[in-house]
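For reference, the structure discussed in these notes is given below.
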There are 2 protein chains.
Amino acid sequence: MSDLLRGPVEVVGAGLLGTSIGLACRRAGVQALLRDTSAENLRTATGLGAGRVTAEGDRPQLVVVAVPPDQLGSEVVAALRRTDAVVTDVGSIKSAPLQVVAGEVAALAGRYVGGHPMAGSERSGPLAASAALFDGRPWAVTPHGTAPEAAVELVEELARACGAVPVRLDPDEHDRAVARTSHLPHLLAVLVAGRLADAPEAHLALSGQGVRDVTRIAAGDPLLWQQIVTLNADALAGLLEEVAAELGVLRDAVVAGDRAVLGRLLSQGVAGTRAIPGKHGGPLSAMGSVYVSVPDHPGELARLFADAGAVGVNIEDIHIDHDPGRPVGLVELVVDEARTELLLESLESRGWVTHR
Amino acid sequence: MSDLLRGPVEVVGAGLLGTSIGLACRRAGVQALLRDTSAENLRTATGLGAGRVTAEGDRPQLVVVAVPPDQLGSEVVAALRRTDAVVTDVGSIKSAPLQVVAGEVAALAGRYVGGHPMAGSERSGPLAASAALFDGRPWAVTPHGTAPEAAVELVEELARACGAVPVRLDPDEHDRAVARTSHLPHLLAVLVAGRLADAPEAHLALSGQGVRDVTRIAAGDPLLWQQIVTLNADALAGLLEEVAAELGVLRDAVVAGDRAVLGRLLSQGVAGTRAIPGKHGGPLSAMGSVYVSVPDHPGELARLFADAGAVGVNIEDIHIDHDPGRPVGLVELVVDEARTELLLESLESRGWVTHR
């Protein structure tokens, strides 16, 4: 439990996200209360240990609204009226619910600070929940003009208590960001997956990891996603135009065998993958290098990797450099900076010649 | 070593796939020989233990050509002329190289049987290689009209020796299949990734696992992919037309807020993800169910999952059923059929009431 977030945290909606927040709060030593119109969801969520059902007289410090996008605005309004707590939500769009809140209860809107953890699953419901769902993930916190700093900080503290990395930005900016990093990827994954729905079995038999990864999110709940994309239509429309234009260029280049154009588009894609920040969506952690002399004999690199693996240090990248005229190569192992000493000592103890 | 595949297997091209095949052959006890125009690649591949460099007088039983698509045809022809071995390849397209072979050395073409393991990485080069790269993956084997059965079976045996599941189909059918399950997903991943290349940092900070998965393959080598998609233009063009038309419908529906149309497209995407066969691309393994009575108390489901996890049995799906009026729920754990007995015994030994 932190000084700021004392609890209890009341979660409205014991689905995948709500139940996961309950589990993560309890992991952090913060009391979690659960509210849902579905008795089934409440039974499952409490059975998983995500908290207890809210009772008469409970006074939550923070209410987290975790309901489908269409109901976000009205459930936030209800929570603001029902309690005197700070109210946040975990919805995928932030401008639309804010408009409802500002329109219906302008006087209470200061206690509302939008939020959106960038975590989820193509599965839904409390049974798919996990206390670790948010670990290392970005969690957007989207204060509007009248939100007091203390309320914003409380929501950021919830994100941290759940293991996430809070990222503060304004509601409109958030909606433009997720149009690009979440909603557009979802829709294009759906178009790829749509081509598989009636595909011959012999074609599907060749499905590798690539098509599985590209289409995984397309398994998400259509009822949820039709709400998300229509509530974010303004931000999405321009991106869909861009993609349609580029798809036309791509098709023409494929048909014409124009490798220069294809090379440009493919390289832009590579650049895009490199623009995504560090593995877990948080800031990149600093990397360090360990240099090892490796005799130029069969099997020596294999032995080095086995020895490095035995220490449990994750090798993030590898470079190899052969000095012409020397029967030894210099291998650079790139690892988390905090692990370089451990790796150096361990490799030296196994007889490798290392350099700093 | 199998009776059929005695080796040596000569790999032409010690890149990611070639080096991985060398490693996998050696893992299977089959001698691997390596040939590459790059001395650097050969040093790295032999250093990893992927085999030794081919020497004068070597008589491979099977040659595996693992070079970029543009050079496939000519390298297969060279291998047919240089040796009397069966020759296969691991290229992403199968009709184009076959045309080169049939056109240049029709008399030797019987010894050529195309192949294509559905495995790879967005990284390239021998340092990214792994003996396990093909484990559980489909490996297309694409005999043409004059290939004798014994040659086809030898290539299928190579696939199995590398841990893969051979899938036999004809070269044209293969190219249509991979247009759908590999080349189209790649191009759409590139379009999504392209939108990230110049995105504001605040937008990129919200990148979650979804966009990472969708765009991962877009990091693949542009020089390789421009060859693949132009050599498979015939099969790709129609699919790109389909996607362009559907993208137009999608954009109109987003702008108009037409949830019925969106629901239909999103549901088609869900159906597509379900059409992909079992996790590892091979046939689905049979599933069995274990039923457990779970008291309706907080934390009981969490305890059940912890106990099931402790046995190391992977839970593939979960269903929960509450009998109204009973303080106990019945939970169905779906696991690999071969593991049901182990899970049952272990849960019983930990005090759970189970049912078959």
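Lettering and numbering for the structure tokens are positional, with chains as A, B, ... in the shown order, residues counted from 1 in each chain, and ligands counted from 1 in the shown order.
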
Practice task
Please identify all polymer residues within 6 Å of stretch 114-121 of chain B, counting only C-alpha atoms, omitting same-chain residues fewer than 6 positions from it, and present them as a list in words.
Solution key: Gly208 of chain A; Thr88, Asp89, Val90, Gly91, Phe134, Pro138, Trp139, Ala140, Val141 and Thr142 of chain B

Practice task
From a DSSP pass on the backbone, collect the residues of stretch 107-253 of chain B flagged as alpha helix (DSSP H) and hand them back as a VMD selection string.
Solution key: chain B and resid 149 to 161 171 to 178 184 to 194 201 to 204 209 to 215 222 to 231 233 to 253

The selected residues should be written to file as a PDB file, in the first residue's frame (atoms: C-alpha atoms).
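Generated file (again-v6.pdb):
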ATOM      1  CA  GLU B 149       7.842 -40.648 -54.730  1.00  0.00           C
ATOM      2  CA  ALA B 150      11.156 -41.605 -53.108  1.00  0.00           C
ATOM      3  CA  ALA B 151      12.502 -38.076 -53.570  1.00  0.00           C
ATOM      4  CA  VAL B 152       9.324 -36.552 -52.122  1.00  0.00           C
ATOM      5  CA  GLU B 153       9.529 -38.853 -49.109  1.00  0.00           C
ATOM      6  CA  LEU B 154      13.157 -37.932 -48.519  1.00  0.00           C
ATOM      7  CA  VAL B 155      12.237 -34.234 -48.350  1.00  0.00           C
ATOM      8  CA  GLU B 156       9.326 -35.030 -46.017  1.00  0.00           C
ATOM      9  CA  GLU B 157      11.787 -36.948 -43.824  1.00  0.00           C
ATOM     10  CA  LEU B 158      14.045 -33.878 -43.682  1.00  0.00           C
ATOM     11  CA  ALA B 159      11.068 -31.829 -42.476  1.00  0.00           C
ATOM     12  CA  ARG B 160      10.364 -34.396 -39.759  1.00  0.00           C
ATOM     13  CA  ALA B 161      14.043 -34.610 -38.777  1.00  0.00           C
ATOM     14  CA  PRO B 171       3.492 -25.675 -56.245  1.00  0.00           C
ATOM     15  CA  ASP B 172       0.703 -23.403 -57.568  1.00  0.00           C
ATOM     16  CA  GLU B 173      -1.575 -24.277 -54.666  1.00  0.00           C
ATOM     17  CA  HIS B 174       1.273 -23.499 -52.268  1.00  0.00           C
ATOM     18  CA  ASP B 175       1.754 -20.055 -53.791  1.00  0.00           C
ATOM     19  CA  ARG B 176      -1.960 -19.267 -53.459  1.00  0.00           C
ATOM     20  CA  ALA B 177      -1.911 -20.503 -49.849  1.00  0.00           C
ATOM     21  CA  VAL B 178       1.058 -18.399 -48.745  1.00  0.00           C
ATOM     22  CA  LEU B 184      -0.910 -10.563 -47.389  1.00  0.00           C
ATOM     23  CA  PRO B 185      -0.440 -10.484 -43.578  1.00  0.00           C
ATOM     24  CA  HIS B 186       3.073  -9.184 -44.167  1.00  0.00           C
ATOM     25  CA  LEU B 187       1.954  -6.338 -46.420  1.00  0.00           C
ATOM     26  CA  LEU B 188      -0.849  -5.232 -44.075  1.00  0.00           C
ATOM     27  CA  ALA B 189       1.520  -5.382 -41.104  1.00  0.00           C
ATOM     28  CA  VAL B 190       3.775  -3.085 -43.127  1.00  0.00           C
ATOM     29  CA  LEU B 191       0.914  -0.614 -43.673  1.00  0.00           C
ATOM     30  CA  VAL B 192       0.165  -0.518 -39.929  1.00  0.00           C
ATOM     31  CA  ALA B 193       3.855  -0.138 -39.072  1.00  0.00           C
ATOM     32  CA  GLY B 194       4.230   2.579 -41.703  1.00  0.00           C
ATOM     33  CA  GLU B 201       6.418  10.174 -29.379  1.00  0.00           C
ATOM     34  CA  ALA B 202       3.392  10.667 -27.121  1.00  0.00           C
ATOM     35  CA  HIS B 203       1.371   8.432 -29.465  1.00  0.00           C
ATOM     36  CA  LEU B 204       4.041   5.746 -29.598  1.00  0.00           C
ATOM     37  CA  GLN B 209       1.104  -5.747 -27.038  1.00  0.00           C
ATOM     38  CA  GLY B 210      -1.494  -5.652 -29.820  1.00  0.00           C
ATOM     39  CA  VAL B 211       0.351  -3.278 -32.140  1.00  0.00           C
ATOM     40  CA  ARG B 212       3.618  -5.053 -31.354  1.00  0.00           C
ATOM     41  CA  ASP B 213       2.165  -8.392 -32.432  1.00  0.00           C
ATOM     42  CA  VAL B 214       0.480  -6.979 -35.539  1.00  0.00           C
ATOM     43  CA  THR B 215       3.653  -5.251 -36.739  1.00  0.00           C
ATOM     44  CA  PRO B 222      12.771  -5.352 -47.337  1.00  0.00           C
ATOM     45  CA  LEU B 223      15.181  -6.786 -49.946  1.00  0.00           C
ATOM     46  CA  LEU B 224      13.868 -10.281 -49.252  1.00  0.00           C
ATOM     47  CA  TRP B 225      10.217  -9.261 -49.166  1.00  0.00           C
ATOM     48  CA  GLN B 226      10.237  -7.214 -52.352  1.00  0.00           C
ATOM     49  CA  GLN B 227      11.441 -10.382 -54.088  1.00  0.00           C
ATOM     50  CA  ILE B 228       8.801 -12.561 -52.473  1.00  0.00           C
ATOM     51  CA  VAL B 229       5.805 -10.357 -53.239  1.00  0.00           C
ATOM     52  CA  THR B 230       6.767  -9.599 -56.832  1.00  0.00           C
ATOM     53  CA  LEU B 231       7.460 -13.284 -57.548  1.00  0.00           C
ATOM     54  CA  ALA B 233       2.157 -11.158 -57.755  1.00  0.00           C
ATOM     55  CA  ASP B 234      -0.462 -13.312 -59.523  1.00  0.00           C
ATOM     56  CA  ALA B 235      -1.726 -14.897 -56.317  1.00  0.00           C
ATOM     57  CA  LEU B 236      -1.462 -11.672 -54.298  1.00  0.00           C
ATOM     58  CA  ALA B 237      -3.212  -9.269 -56.665  1.00  0.00           C
ATOM     59  CA  GLY B 238      -6.707 -10.692 -56.161  1.00  0.00           C
ATOM     60  CA  LEU B 239      -6.367 -10.706 -52.378  1.00  0.00           C
ATOM     61  CA  LEU B 240      -5.174  -7.100 -52.352  1.00  0.00           C
ATOM     62  CA  GLU B 241      -8.253  -6.156 -54.432  1.00  0.00           C
ATOM     63  CA  GLU B 242     -10.512  -7.907 -51.909  1.00  0.00           C
ATOM     64  CA  VAL B 243      -8.881  -6.122 -48.996  1.00  0.00           C
ATOM     65  CA  ALA B 244      -9.043  -2.727 -50.722  1.00  0.00           C
ATOM     66  CA  ALA B 245     -12.771  -3.161 -51.342  1.00  0.00           C
ATOM     67  CA  GLU B 246     -13.416  -4.244 -47.759  1.00  0.00           C
ATOM     68  CA  LEU B 247     -11.299  -1.418 -46.374  1.00  0.00           C
ATOM     69  CA  GLY B 248     -13.542   1.027 -48.246  1.00  0.00           C
ATOM     70  CA  VAL B 249     -16.646  -0.547 -46.686  1.00  0.00           C
ATOM     71  CA  LEU B 250     -15.006  -0.438 -43.268  1.00  0.00           C
ATOM     72  CA  ARG B 251     -14.048   3.238 -43.545  1.00  0.00           C
ATOM     73  CA  ASP B 252     -17.559   4.202 -44.667  1.00  0.00           C
ATOM     74  CA  ALA B 253     -19.065   2.268 -41.762  1.00  0.00           C
TER      75      ALA B 253
END

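Our summary of the geometry notes that atom CA of B:Arg259 is positioned 20.5 Å from atom CA of A:Arg180.
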
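Interatomic distance, atom CA of A:Ala129 against atom CA of A:Ala24: 9.9 Å.
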
Exercise for the section: List the neighbours of B:Val11 out to 10 Å using only C-alpha atoms; skip same-chain residues closer than 2 positions along the sequence, and give me the result as an NGL selection string. Expected result: :B and (8-9 or 13-15 or 17-22 or 32-36 or 50-51 or 53-54 or 60 or 62-67 or 88-89)

What does the file look like for those residues with N, CA and C atoms, as an mmCIF file, in the first residue's frame?
data_model
loop_
_atom_site.group_PDB
_atom_site.id
_atom_site.type_symbol
_atom_site.label_atom_id
_atom_site.label_comp_id
_atom_site.auth_asym_id
_atom_site.auth_seq_id
_atom_site.Cartn_x
_atom_site.Cartn_y
_atom_site.Cartn_z
ATOM 1 N N PRO B 8 25.010 -37.318 -45.903
ATOM 2 C CA PRO B 8 24.983 -35.949 -45.377
ATOM 3 C C PRO B 8 23.944 -35.073 -46.092
ATOM 4 N N VAL B 9 23.473 -34.050 -45.361
ATOM 5 C CA VAL B 9 22.622 -33.022 -45.938
ATOM 6 C C VAL B 9 23.507 -31.803 -46.201
ATOM 7 N N GLY B 13 23.741 -21.892 -48.521
ATOM 8 C CA GLY B 13 23.258 -20.618 -47.986
ATOM 9 C C GLY B 13 23.141 -20.703 -46.483
ATOM 10 N N ALA B 14 24.152 -20.174 -45.754
ATOM 11 C CA ALA B 14 24.187 -20.300 -44.289
ATOM 12 C C ALA B 14 23.607 -19.050 -43.638
ATOM 13 N N GLY B 15 22.378 -18.704 -44.030
ATOM 14 C CA GLY B 15 21.657 -17.606 -43.392
ATOM 15 C C GLY B 15 20.836 -18.139 -42.236
ATOM 16 N N LEU B 17 17.712 -19.531 -42.181
ATOM 17 C CA LEU B 17 17.081 -20.831 -42.401
ATOM 18 C C LEU B 17 18.122 -21.921 -42.613
ATOM 19 N N GLY B 18 19.129 -21.647 -43.445
ATOM 20 C CA GLY B 18 20.136 -22.656 -43.740
ATOM 21 C C GLY B 18 20.877 -23.094 -42.481
ATOM 22 N N THR B 19 21.294 -22.128 -41.673
ATOM 23 C CA THR B 19 22.025 -22.462 -40.446
ATOM 24 C C THR B 19 21.121 -23.220 -39.477
ATOM 25 N N SER B 20 19.836 -22.820 -39.417
ATOM 26 C CA SER B 20 18.903 -23.528 -38.532
ATOM 27 C C SER B 20 18.724 -24.973 -38.990
ATOM 28 N N ILE B 21 18.692 -25.196 -40.308
ATOM 29 C CA ILE B 21 18.562 -26.566 -40.816
ATOM 30 C C ILE B 21 19.804 -27.374 -40.459
ATOM 31 N N GLY B 22 20.980 -26.749 -40.588
ATOM 32 C CA GLY B 22 22.207 -27.440 -40.188
ATOM 33 C C GLY B 22 22.164 -27.840 -38.722
ATOM 34 N N ALA B 32 25.731 -32.517 -41.396
ATOM 35 C CA ALA B 32 25.380 -31.338 -42.182
ATOM 36 C C ALA B 32 26.635 -30.723 -42.790
ATOM 37 N N LEU B 33 26.540 -30.396 -44.086
ATOM 38 C CA LEU B 33 27.620 -29.716 -44.807
ATOM 39 C C LEU B 33 27.111 -28.339 -45.187
ATOM 40 N N LEU B 34 27.988 -27.345 -45.152
ATOM 41 C CA LEU B 34 27.561 -25.969 -45.408
ATOM 42 C C LEU B 34 28.319 -25.388 -46.596
ATOM 43 N N ARG B 35 27.589 -24.641 -47.421
ATOM 44 C CA ARG B 35 28.174 -23.974 -48.576
ATOM 45 C C ARG B 35 27.617 -22.560 -48.593
ATOM 46 N N ASP B 36 28.478 -21.558 -48.764
ATOM 47 C CA ASP B 36 28.014 -20.174 -48.833
ATOM 48 C C ASP B 36 29.093 -19.362 -49.527
ATOM 49 N N ALA B 50 26.638 -25.695 -36.704
ATOM 50 C CA ALA B 50 25.625 -26.071 -37.693
ATOM 51 C C ALA B 50 26.165 -27.022 -38.748
ATOM 52 N N GLY B 51 27.408 -27.468 -38.600
ATOM 53 C CA GLY B 51 27.985 -28.393 -39.578
ATOM 54 C C GLY B 51 29.381 -27.945 -39.971
ATOM 55 N N VAL B 53 32.145 -27.044 -43.358
ATOM 56 C CA VAL B 53 32.134 -26.551 -44.729
ATOM 57 C C VAL B 53 32.296 -27.732 -45.689
ATOM 58 N N THR B 54 31.515 -27.745 -46.758
ATOM 59 C CA THR B 54 31.613 -28.794 -47.769
ATOM 60 C C THR B 54 33.035 -28.880 -48.319
ATOM 61 N N PRO B 60 26.703 -35.510 -50.866
ATOM 62 C CA PRO B 60 25.467 -35.362 -50.077
ATOM 63 C C PRO B 60 24.339 -36.235 -50.624
ATOM 64 N N LEU B 62 21.209 -35.286 -49.896
ATOM 65 C CA LEU B 62 20.158 -34.289 -50.095
ATOM 66 C C LEU B 62 20.802 -32.907 -50.041
ATOM 67 N N VAL B 63 20.459 -32.052 -51.002
ATOM 68 C CA VAL B 63 20.937 -30.669 -50.979
ATOM 69 C C VAL B 63 19.749 -29.758 -50.682
ATOM 70 N N VAL B 64 19.913 -28.846 -49.721
ATOM 71 C CA VAL B 64 18.857 -27.901 -49.362
ATOM 72 C C VAL B 64 19.310 -26.500 -49.764
ATOM 73 N N VAL B 65 18.625 -25.903 -50.729
ATOM 74 C CA VAL B 65 19.012 -24.578 -51.200
ATOM 75 C C VAL B 65 18.258 -23.531 -50.373
ATOM 76 N N ALA B 66 19.023 -22.706 -49.650
ATOM 77 C CA ALA B 66 18.430 -21.727 -48.726
ATOM 78 C C ALA B 66 19.002 -20.352 -49.048
ATOM 79 N N VAL B 67 18.632 -19.858 -50.240
ATOM 80 C CA VAL B 67 19.142 -18.565 -50.715
ATOM 81 C C VAL B 67 17.948 -17.654 -50.994
ATOM 82 N N THR B 88 16.266 -29.923 -52.735
ATOM 83 C CA THR B 88 15.065 -29.211 -52.314
ATOM 84 C C THR B 88 15.468 -27.772 -51.997
ATOM 85 N N ASP B 89 14.496 -26.949 -51.630
ATOM 86 C CA ASP B 89 14.804 -25.572 -51.269
ATOM 87 C C ASP B 89 13.859 -25.168 -50.153
#

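The set of residues in stretch 193-336 of chain A assigned to strand (DSSP E or B) by DSSP, using only backbone atoms of this structure, is Met287, Gly288, Ser289, Val290, Tyr291, Val292, Ser293, Val294, Pro295, Ile315, Glu316, Asp317, Ile318, His319, Ile320, Asp321, His322, Val328, Gly329, Leu330, Val331, Glu332, Leu333, Val334, Val335 and Asp336 of chain A.
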
Store the residues of this selection in a file with C-alpha atoms, as a compact mmCIF listing (two decimals), in the first residue's frame.
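Result file follows (result31.txt):
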# COMPACT_ATOMS: atom_id res chain seq x y z
CA MET A 287 21.89 -1.65 -22.25
CA GLY A 288 25.46 -2.70 -21.64
CA SER A 289 27.85 -4.79 -23.69
CA VAL A 290 30.04 -7.72 -22.74
CA TYR A 291 32.80 -8.61 -25.21
CA VAL A 292 34.05 -12.18 -25.40
CA SER A 293 36.90 -13.68 -27.42
CA VAL A 294 35.64 -16.81 -29.14
CA PRO A 295 37.99 -19.31 -30.80
CA ILE A 315 20.76 -11.52 -24.38
CA GLU A 316 19.04 -8.63 -26.16
CA ASP A 317 21.34 -8.39 -29.17
CA ILE A 318 24.54 -9.91 -30.53
CA HIS A 319 27.26 -8.56 -32.78
CA ILE A 320 30.17 -10.59 -34.07
CA ASP A 321 33.41 -9.24 -35.39
CA HIS A 322 36.15 -11.30 -37.01
CA VAL A 328 39.55 -15.75 -32.75
CA GLY A 329 36.39 -13.73 -33.15
CA LEU A 330 35.17 -10.99 -30.84
CA VAL A 331 31.52 -11.38 -29.86
CA GLU A 332 29.57 -8.52 -28.31
CA LEU A 333 26.66 -9.60 -26.11
CA VAL A 334 24.20 -6.77 -25.44
CA VAL A 335 22.35 -7.18 -22.13
CA ASP A 336 20.53 -5.13 -19.51

Handout entry: Polymer residues at most 8 Å from B:Glu300, only C-alpha atoms, same-chain spacing of 4 or more positions, as an MDAnalysis selection string
Key = (chainID A and resid 47:49) or (chainID B and resid 294:296 304)

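Straight-line separation from atom CA of A:Asp307 to atom CA of B:Leu23: 17.8 Å.
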
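Proximity to A:Ser130 was assessed for B:Phe305, B:Lys94, B:Gly110, B:Leu4 counting only C-alpha atoms; the smallest distance is recorded for B:Phe305.
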
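Here the question is which of B:Ala109, B:Leu133, B:Ile93, B:Arg350 gets nearest to B:Asp70 using only C-alpha atoms, and that residue is B:Ile93.
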